[in-house]
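Enquirer: Here you go, this is work.pdb (PDB, C-alpha atoms, pLDDT in the B column).
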```pdb
MODEL        1
ATOM      1  CA  MET H  14       0.000   0.000   0.000  1.00 62.00           C
ATOM      2  CA  ARG H  15       1.314   3.428  -0.914  1.00 68.00           C
ATOM      3  CA  PRO H  16       2.158   5.647   2.082  1.00 71.00           C
ATOM      4  CA  ALA H  17       0.096   8.835   2.116  1.00 68.00           C
ATOM      5  CA  ASN H  18       3.145  11.116   2.024  1.00 75.00           C
ATOM      6  CA  THR H  19       4.818   9.326  -0.886  1.00 83.00           C
ATOM      7  CA  HIS H  20       4.738  11.180  -4.209  1.00 92.00           C
ATOM      8  CA  LEU H  21       6.578   9.067  -6.771  1.00 96.00           C
ATOM      9  CA  LYS H  22       7.631  10.355 -10.184  1.00 97.00           C
ATOM     10  CA  ILE H  23       9.105   8.167 -12.910  1.00 97.00           C
ATOM     11  CA  ILE H  24      11.697   9.403 -15.405  1.00 98.00           C
ATOM     12  CA  VAL H  25      12.166   7.240 -18.480  1.00 97.00           C
ATOM     13  CA  LEU H  26      15.516   8.076 -20.056  1.00 97.00           C
ATOM     14  CA  ALA H  27      14.953   8.238 -23.814  1.00 95.00           C
ATOM     15  CA  ALA H  28      17.484  10.856 -24.889  1.00 93.00           C
ATOM     16  CA  GLY H  29      20.160   8.600 -26.345  1.00 88.00           C
ATOM     17  CA  LYS H  30      21.586   9.158 -29.816  1.00 83.00           C
ATOM     18  CA  SER H  31      21.222   5.480 -30.859  1.00 79.00           C
ATOM     19  CA  GLU H  32      24.637   5.602 -32.523  1.00 79.00           C
ATOM     20  CA  ARG H  33      25.258   1.874 -32.135  1.00 80.00           C
ATOM     21  CA  PHE H  34      21.805   0.945 -33.364  1.00 83.00           C
ATOM     22  CA  ASN H  35      22.042   2.606 -36.774  1.00 84.00           C
ATOM     23  CA  GLY H  36      18.536   4.039 -36.526  1.00 87.00           C
ATOM     24  CA  ILE H  37      16.111   5.392 -33.933  1.00 91.00           C
ATOM     25  CA  LYS H  38      16.310   2.557 -31.450  1.00 92.00           C
ATOM     26  CA  LEU H  39      13.291   3.445 -29.356  1.00 93.00           C
ATOM     27  CA  LEU H  40      11.045   3.491 -32.408  1.00 92.00           C
ATOM     28  CA  ALA H  41      12.163   0.040 -33.545  1.00 90.00           C
ATOM     29  CA  ASN H  42       9.305  -2.453 -33.647  1.00 90.00           C
ATOM     30  CA  LEU H  43       9.109  -5.339 -31.228  1.00 87.00           C
ATOM     31  CA  GLU H  44       7.306  -8.198 -32.920  1.00 80.00           C
ATOM     32  CA  ASN H  45       5.010 -10.412 -30.876  1.00 69.00           C
ATOM     33  CA  GLY H  46       3.056 -12.842 -32.963  1.00 63.00           C
ATOM     34  CA  ASP H  47       0.836 -10.924 -35.367  1.00 67.00           C
ATOM     35  CA  SER H  48       1.270  -7.608 -33.561  1.00 73.00           C
ATOM     36  CA  SER H  49       4.106  -5.147 -33.096  1.00 86.00           C
ATOM     37  CA  ILE H  50       4.812  -2.188 -30.869  1.00 90.00           C
ATOM     38  CA  THR H  51       7.702   0.240 -30.667  1.00 93.00           C
ATOM     39  CA  LEU H  52      10.303  -0.268 -27.956  1.00 94.00           C
ATOM     40  CA  ILE H  53       9.363   2.973 -26.183  1.00 95.00           C
ATOM     41  CA  GLU H  54       5.668   2.078 -26.231  1.00 94.00           C
ATOM     42  CA  HIS H  55       6.451  -1.379 -24.850  1.00 93.00           C
ATOM     43  CA  VAL H  56       8.375   0.031 -21.887  1.00 96.00           C
ATOM     44  CA  LEU H  57       5.715   2.650 -21.164  1.00 96.00           C
ATOM     45  CA  THR H  58       2.947   0.042 -21.382  1.00 95.00           C
ATOM     46  CA  GLN H  59       4.641  -2.149 -18.783  1.00 96.00           C
ATOM     47  CA  LEU H  60       5.275   0.821 -16.504  1.00 97.00           C
ATOM     48  CA  SER H  61       1.716   2.119 -16.837  1.00 96.00           C
ATOM     49  CA  ALA H  62       0.271  -1.266 -15.975  1.00 97.00           C
ATOM     50  CA  ALA H  63       2.467  -1.493 -12.878  1.00 97.00           C
ATOM     51  CA  LEU H  64       1.383   1.959 -11.726  1.00 96.00           C
ATOM     52  CA  ASN H  65      -2.255   1.062 -12.341  1.00 95.00           C
ATOM     53  CA  GLN H  66      -1.941  -1.921 -10.006  1.00 95.00           C
ATOM     54  CA  LEU H  67      -0.541   0.420  -7.345  1.00 94.00           C
ATOM     55  CA  ALA H  68      -3.235   3.072  -7.887  1.00 92.00           C
ATOM     56  CA  ILE H  69      -0.699   5.607  -9.213  1.00 93.00           C
ATOM     57  CA  ASP H  70      -1.671   7.808 -12.156  1.00 93.00           C
ATOM     58  CA  LYS H  71       0.444   7.333 -15.277  1.00 93.00           C
ATOM     59  CA  LYS H  72       0.651  11.142 -15.443  1.00 94.00           C
ATOM     60  CA  ASN H  73       3.535  10.678 -13.006  1.00 95.00           C
ATOM     61  CA  ILE H  74       5.631   9.253 -15.852  1.00 96.00           C
ATOM     62  CA  PHE H  75       7.961  11.676 -17.633  1.00 96.00           C
ATOM     63  CA  VAL H  76       9.974  10.786 -20.718  1.00 97.00           C
ATOM     64  CA  ALA H  77      13.356  12.543 -20.972  1.00 96.00           C
ATOM     65  CA  THR H  78      14.148  13.150 -24.641  1.00 96.00           C
ATOM     66  CA  GLY H  79      17.012  14.541 -26.698  1.00 93.00           C
ATOM     67  CA  ARG H  80      17.908  14.344 -30.378  1.00 92.00           C
ATOM     68  CA  TYR H  81      14.764  12.432 -31.345  1.00 93.00           C
ATOM     69  CA  HIS H  82      12.290  14.464 -29.301  1.00 94.00           C
ATOM     70  CA  GLN H  83       9.968  15.221 -32.205  1.00 95.00           C
ATOM     71  CA  GLN H  84       9.907  11.641 -33.466  1.00 94.00           C
ATOM     72  CA  LEU H  85       9.058  10.334 -29.997  1.00 94.00           C
ATOM     73  CA  LEU H  86       6.491  13.073 -29.524  1.00 94.00           C
ATOM     74  CA  ASN H  87       4.752  11.939 -32.700  1.00 94.00           C
ATOM     75  CA  VAL H  88       4.356   8.445 -31.241  1.00 93.00           C
ATOM     76  CA  ILE H  89       3.636   8.958 -27.534  1.00 91.00           C
ATOM     77  CA  GLY H  90       3.140  12.672 -26.979  1.00 82.00           C
ATOM     78  CA  GLU H  91      -0.580  12.541 -26.326  1.00 81.00           C
ATOM     79  CA  GLN H  92      -0.289   9.887 -23.644  1.00 85.00           C
ATOM     80  CA  PHE H  93       2.797  10.935 -21.666  1.00 90.00           C
ATOM     81  CA  SER H  94       4.697  14.072 -20.723  1.00 92.00           C
ATOM     82  CA  LEU H  95       7.937  14.535 -22.649  1.00 94.00           C
ATOM     83  CA  ASN H  96      10.724  16.661 -21.191  1.00 93.00           C
ATOM     84  CA  PHE H  97      13.224  17.807 -23.799  1.00 94.00           C
ATOM     85  CA  CYS H  98      16.749  17.922 -22.355  1.00 92.00           C
ATOM     86  CA  GLN H  99      18.783  20.505 -24.227  1.00 91.00           C
ATOM     87  CA  GLN H 100      22.011  19.176 -22.729  1.00 89.00           C
ATOM     88  CA  ALA H 101      21.352  15.523 -23.569  1.00 91.00           C
ATOM     89  CA  HIS H 102      24.106  15.578 -26.189  1.00 90.00           C
ATOM     90  CA  LEU H 103      26.630  16.152 -23.380  1.00 92.00           C
ATOM     91  CA  GLY H 104      25.953  12.757 -21.848  1.00 93.00           C
ATOM     92  CA  LEU H 105      23.710  10.677 -19.616  1.00 94.00           C
ATOM     93  CA  GLY H 106      24.612  12.613 -16.487  1.00 95.00           C
ATOM     94  CA  HIS H 107      23.443  15.898 -18.004  1.00 95.00           C
ATOM     95  CA  THR H 108      20.210  14.234 -19.125  1.00 96.00           C
ATOM     96  CA  ILE H 109      19.460  12.909 -15.650  1.00 97.00           C
ATOM     97  CA  ALA H 110      20.309  16.205 -13.974  1.00 96.00           C
ATOM     98  CA  GLN H 111      18.140  18.263 -16.292  1.00 95.00           C
ATOM     99  CA  SER H 112      15.219  15.824 -16.315  1.00 95.00           C
ATOM    100  CA  VAL H 113      15.172  15.634 -12.508  1.00 96.00           C
ATOM    101  CA  GLU H 114      15.159  19.424 -12.301  1.00 95.00           C
ATOM    102  CA  GLN H 115      12.316  19.649 -14.818  1.00 94.00           C
ATOM    103  CA  THR H 116      10.328  16.966 -13.027  1.00 93.00           C
ATOM    104  CA  LEU H 117      10.632  18.691  -9.662  1.00 94.00           C
ATOM    105  CA  LEU H 118       9.310  21.883 -11.180  1.00 92.00           C
ATOM    106  CA  THR H 119       6.031  20.097 -11.914  1.00 88.00           C
ATOM    107  CA  ASP H 120       5.498  18.984  -8.318  1.00 89.00           C
ATOM    108  CA  LYS H 121       7.463  20.313  -5.369  1.00 87.00           C
ATOM    109  CA  LEU H 122       5.949  17.585  -3.171  1.00 91.00           C
ATOM    110  CA  THR H 123       7.806  14.863  -5.083  1.00 95.00           C
ATOM    111  CA  SER H 124       9.299  12.486  -2.519  1.00 96.00           C
ATOM    112  CA  HIS H 125      10.824   9.809  -4.770  1.00 97.00           C
ATOM    113  CA  ILE H 126      12.085   9.597  -8.337  1.00 98.00           C
ATOM    114  CA  MET H 127      12.376   6.323 -10.200  1.00 98.00           C
ATOM    115  CA  ILE H 128      14.834   6.296 -13.087  1.00 98.00           C
ATOM    116  CA  VAL H 129      14.191   3.820 -15.881  1.00 97.00           C
ATOM    117  CA  LEU H 130      16.156   3.164 -19.070  1.00 96.00           C
ATOM    118  CA  ALA H 131      13.864   3.118 -22.094  1.00 94.00           C
ATOM    119  CA  ASP H 132      15.714   0.215 -23.709  1.00 93.00           C
ATOM    120  CA  GLN H 133      15.411  -2.289 -20.838  1.00 94.00           C
ATOM    121  CA  VAL H 134      13.196  -4.452 -22.986  1.00 92.00           C
ATOM    122  CA  ALA H 135      12.731  -7.456 -20.697  1.00 94.00           C
ATOM    123  CA  LEU H 136      11.365  -5.651 -17.649  1.00 96.00           C
ATOM    124  CA  ASN H 137       7.721  -6.388 -17.006  1.00 96.00           C
ATOM    125  CA  VAL H 138       4.851  -5.249 -14.809  1.00 97.00           C
ATOM    126  CA  ASN H 139       5.908  -7.439 -11.886  1.00 97.00           C
ATOM    127  CA  ASP H 140       9.497  -6.176 -11.998  1.00 98.00           C
ATOM    128  CA  TYR H 141       8.438  -2.536 -11.747  1.00 98.00           C
ATOM    129  CA  ASN H 142       5.815  -3.401  -9.161  1.00 97.00           C
ATOM    130  CA  ASN H 143       8.367  -5.184  -6.971  1.00 97.00           C
ATOM    131  CA  LEU H 144      10.735  -2.211  -6.986  1.00 97.00           C
ATOM    132  CA  ILE H 145       8.051   0.336  -6.173  1.00 97.00           C
ATOM    133  CA  THR H 146       6.503  -1.823  -3.460  1.00 96.00           C
ATOM    134  CA  GLU H 147       9.910  -2.245  -1.832  1.00 97.00           C
ATOM    135  CA  SER H 148      10.340   1.530  -1.858  1.00 96.00           C
ATOM    136  CA  PHE H 149       6.971   1.917  -0.139  1.00 95.00           C
ATOM    137  CA  LYS H 150       8.178  -0.434   2.601  1.00 95.00           C
ATOM    138  CA  GLN H 151      11.486   1.421   3.052  1.00 95.00           C
ATOM    139  CA  PRO H 152      10.839   5.012   1.965  1.00 94.00           C
ATOM    140  CA  ASN H 153      14.158   6.342   3.238  1.00 95.00           C
ATOM    141  CA  LYS H 154      16.227   3.805   1.326  1.00 97.00           C
ATOM    142  CA  LEU H 155      17.564   3.758  -2.187  1.00 98.00           C
ATOM    143  CA  VAL H 156      15.984   0.858  -4.064  1.00 98.00           C
ATOM    144  CA  CYS H 157      17.484  -0.575  -7.227  1.00 97.00           C
ATOM    145  CA  ALA H 158      17.610  -3.621  -9.453  1.00 97.00           C
ATOM    146  CA  THR H 159      20.514  -6.014  -9.296  1.00 96.00           C
ATOM    147  CA  ALA H 160      21.483  -8.650 -11.838  1.00 94.00           C
ATOM    148  CA  ASP H 161      24.627 -10.760 -11.958  1.00 89.00           C
ATOM    149  CA  GLY H 162      25.810  -8.964  -8.834  1.00 90.00           C
ATOM    150  CA  GLU H 163      25.677  -5.519 -10.447  1.00 94.00           C
ATOM    151  CA  LEU H 164      23.577  -2.571  -9.297  1.00 96.00           C
ATOM    152  CA  MET H 165      21.561  -1.075 -12.134  1.00 95.00           C
ATOM    153  CA  PRO H 166      18.389   0.735 -13.122  1.00 96.00           C
ATOM    154  CA  PRO H 167      15.553   0.859 -12.547  1.00 97.00           C
ATOM    155  CA  ALA H 168      16.391   2.665  -9.342  1.00 98.00           C
ATOM    156  CA  ILE H 169      14.296   4.707  -6.930  1.00 98.00           C
ATOM    157  CA  PHE H 170      15.849   7.724  -5.217  1.00 98.00           C
ATOM    158  CA  PRO H 171      14.319   9.359  -2.111  1.00 97.00           C
ATOM    159  CA  ARG H 172      14.358  13.142  -1.795  1.00 96.00           C
ATOM    160  CA  ASP H 173      17.698  13.159   0.044  1.00 96.00           C
ATOM    161  CA  TYR H 174      19.414  12.122  -3.196  1.00 98.00           C
ATOM    162  CA  PHE H 175      17.782  14.621  -5.573  1.00 97.00           C
ATOM    163  CA  SER H 176      20.646  17.077  -5.160  1.00 97.00           C
ATOM    164  CA  ALA H 177      23.199  14.408  -6.114  1.00 97.00           C
ATOM    165  CA  LEU H 178      21.159  13.495  -9.195  1.00 97.00           C
ATOM    166  CA  MET H 179      21.097  17.129 -10.309  1.00 96.00           C
ATOM    167  CA  LYS H 180      24.883  17.368 -10.008  1.00 96.00           C
ATOM    168  CA  LEU H 181      25.574  14.538 -12.460  1.00 96.00           C
ATOM    169  CA  THR H 182      27.456  15.512 -15.602  1.00 94.00           C
ATOM    170  CA  GLY H 183      28.930  13.991 -18.735  1.00 91.00           C
ATOM    171  CA  ASP H 184      28.496  10.262 -19.215  1.00 88.00           C
ATOM    172  CA  LYS H 185      28.402   9.577 -15.475  1.00 88.00           C
ATOM    173  CA  GLY H 186      24.986   8.094 -14.723  1.00 91.00           C
ATOM    174  CA  ALA H 187      23.128   7.457 -11.497  1.00 94.00           C
ATOM    175  CA  LYS H 188      24.930   4.152 -10.841  1.00 94.00           C
ATOM    176  CA  SER H 189      27.685   6.128  -9.160  1.00 94.00           C
ATOM    177  CA  ILE H 190      25.203   7.332  -6.539  1.00 97.00           C
ATOM    178  CA  LEU H 191      23.995   3.785  -5.911  1.00 96.00           C
ATOM    179  CA  TYR H 192      27.513   2.436  -5.399  1.00 96.00           C
ATOM    180  CA  THR H 193      28.614   5.377  -3.246  1.00 96.00           C
ATOM    181  CA  ASN H 194      25.619   4.797  -0.976  1.00 96.00           C
ATOM    182  CA  ARG H 195      25.381   1.016  -1.250  1.00 95.00           C
ATOM    183  CA  GLU H 196      24.926   0.585   2.499  1.00 95.00           C
ATOM    184  CA  GLN H 197      21.740   2.642   2.183  1.00 96.00           C
ATOM    185  CA  CYS H 198      20.535   0.689  -0.847  1.00 96.00           C
ATOM    186  CA  THR H 199      17.989  -2.096  -0.943  1.00 97.00           C
ATOM    187  CA  GLU H 200      18.826  -4.398  -3.831  1.00 97.00           C
ATOM    188  CA  VAL H 201      15.997  -6.211  -5.602  1.00 97.00           C
ATOM    189  CA  ILE H 202      17.119  -9.153  -7.731  1.00 97.00           C
ATOM    190  CA  LEU H 203      15.687  -8.605 -11.219  1.00 97.00           C
ATOM    191  CA  PRO H 204      17.403 -10.740 -13.866  1.00 96.00           C
ATOM    192  CA  ASN H 205      15.307  -9.012 -16.550  1.00 95.00           C
ATOM    193  CA  ALA H 206      17.097  -5.731 -15.853  1.00 95.00           C
ATOM    194  CA  ALA H 207      20.252  -7.078 -17.489  1.00 92.00           C
ATOM    195  CA  ALA H 208      18.666  -7.213 -20.956  1.00 90.00           C
ATOM    196  CA  ASP H 209      18.715  -4.098 -23.105  1.00 88.00           C
ATOM    197  CA  ILE H 210      18.785  -3.158 -26.767  1.00 85.00           C
ATOM    198  CA  ASP H 211      21.894  -1.409 -28.079  1.00 85.00           C
ATOM    199  CA  THR H 212      22.319  -2.788 -31.578  1.00 86.00           C
ATOM    200  CA  GLN H 213      20.255  -4.241 -34.410  1.00 87.00           C
ATOM    201  CA  GLN H 214      21.657  -7.656 -33.461  1.00 88.00           C
ATOM    202  CA  ASP H 215      20.361  -7.221 -29.901  1.00 82.00           C
ATOM    203  CA  LEU H 216      16.900  -6.729 -31.370  1.00 84.00           C
ATOM    204  CA  VAL H 217      17.245  -9.837 -33.541  1.00 85.00           C
ATOM    205  CA  ASN H 218      18.379 -11.830 -30.490  1.00 85.00           C
ATOM    206  CA  TRP H 219      15.405 -10.579 -28.480  1.00 79.00           C
ATOM    207  CA  HIS H 220      12.960 -11.705 -31.137  1.00 82.00           C
ATOM    208  CA  GLN H 221      14.637 -15.093 -31.316  1.00 82.00           C
ATOM    209  CA  GLN H 222      14.281 -15.518 -27.543  1.00 80.00           C
ATOM    210  CA  LEU H 223      10.581 -14.788 -27.801  1.00 68.00           C
TER     211      LEU H 223
ENDMDL
END
```
Just dump the structure as C-alpha cells.
Expert:
Amino acid sequence: MRPANTHLKIIVLAAGKSERFNGIKLLANLENGDSSITLIEHVLTQLSAALNQLAIDKKNIFVATGRYHQQLLNVIGEQFSLNFCQQAHLGLGHTIAQSVEQTLLTDKLTSHIMIVLADQVALNVNDYNNLITESFKQPNKLVCATADGELMPPAIFPRDYFSALMKLTGDKGAKSILYTNREQCTEVILPNAAADIDTQQDLVNWHQQL
C-alpha cells in the first residue's frame, strides 16, 4: 500500500543518440506474434500497468528526450509528458540532472524519483511493481535492481538524493550514486534488468528468444 506522504515520479531516459543501433532505437518495432509495438511504447505500457496496479496515475511518468524528441512526440506525446533535455548531447549525467530538475518543477511535493532506461526491454509489470513496493516499505532507502551482482536501473531515489542526481554531468549516470551509498541501498534481484537493446543484433536476439 502506498504511504500517504509518498509522491513518486518516474523518469524514463529516452534521450540517447542510438549511434550503435544505426537508426532510432526506441522506435524500432518489437514483434510479438501478429502484432508489433515500438520499444518505447512497450516500456511505457509495462510501466503504466504497474502503476495502475498500485493506484498511481500514469501522469507521473515523464519521458526525458534529446535528439529524437519530435519523433518520440509523434508516437507517444498525447499519452505521456515529454521533457526535452537541451544538454542531452553532453551525456547521460546531463540528461538525468536536467530531467530531474524539470520533473521537480512540476510537483514540489515529489518524494521519490524512479529512473528507468527506455531500452530495458525485458522488464515487465511485476518487476516494476516489486521495486516500487519495496520503496513503499522502506521510503528512506535507495531501491534498485541487481542482476549478476551488479547494481543497475531501474532505481528509486528518495528526496535526500535529488541534489546528487542534479549534479551529475557527462556520461556519469546514477549508478555512481547507488555504489557510493550502497549501504543505504535495498537491492531487488531482477534478472530481466540485465537485458537491453543497443544494436540491431540485440533486437534480432530478443525476437529469437521470444
Enquirer: Kindly indicate which residue among H:Val88, H:Val156, H:Cys198, H:Leu21 lies nearest to His55 in chain H, using all atoms listed in the file for the distances.
Expert: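 Closest residue, counting all atoms listed in the file: H:Val88.
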Enquirer: Given the file shown, determine the residues that the PyMOL selection byres ((chain H and resi 187) around 12) selects; report them as a count of residues only.
Expert: 43
Enquirer: Please, what distance in Å, to one decimal, runs between CA of Ile53 in chain H and CA of Phe93 in chain H?
Expert: 11.3 Å
Enquirer: What gap, in Å, lies between CA of Thr78 in chain H and CA of Ala101 in chain H?
Expert: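 Rounded to one decimal, the two atoms are 7.7 Å apart.
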Enquirer: Within 9 Å of range 69-73 of chain H, counting all atoms listed in the file, which residues show up once you throw out same-chain ones fewer than 3 positions away? Write them as a list of chain:residue names, please.
Expert: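 Listed by chain and then number, they are H:Arg15, H:His20, H:Leu21, H:Lys22, H:Ile23, H:Ile24, H:Leu60, H:Ser61, H:Ala62, H:Ala63, H:Leu64, H:Asn65, H:Gln66, H:Gln92, H:Phe93, H:Ser94.
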Enquirer: For CA of Arg80 in chain H and CA of Asp120 in chain H, quote the distance in Å rounded to one decimal.
Expert: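 Distance between the two atoms: 25.7 Å.
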Enquirer: With distances taken over only C-alpha atoms, which residue among H:Leu103, H:Ile89, H:Leu67, H:Val217 lies nearest Asn142 in chain H?
Expert: H:Leu67
Enquirer: My list of candidates is H:Ala77, H:Ile37, H:Ala160, H:Cys98. Which is closest to Asp211 in chain H when distances are computed with all atoms listed in the file?
Expert: H:Ile37
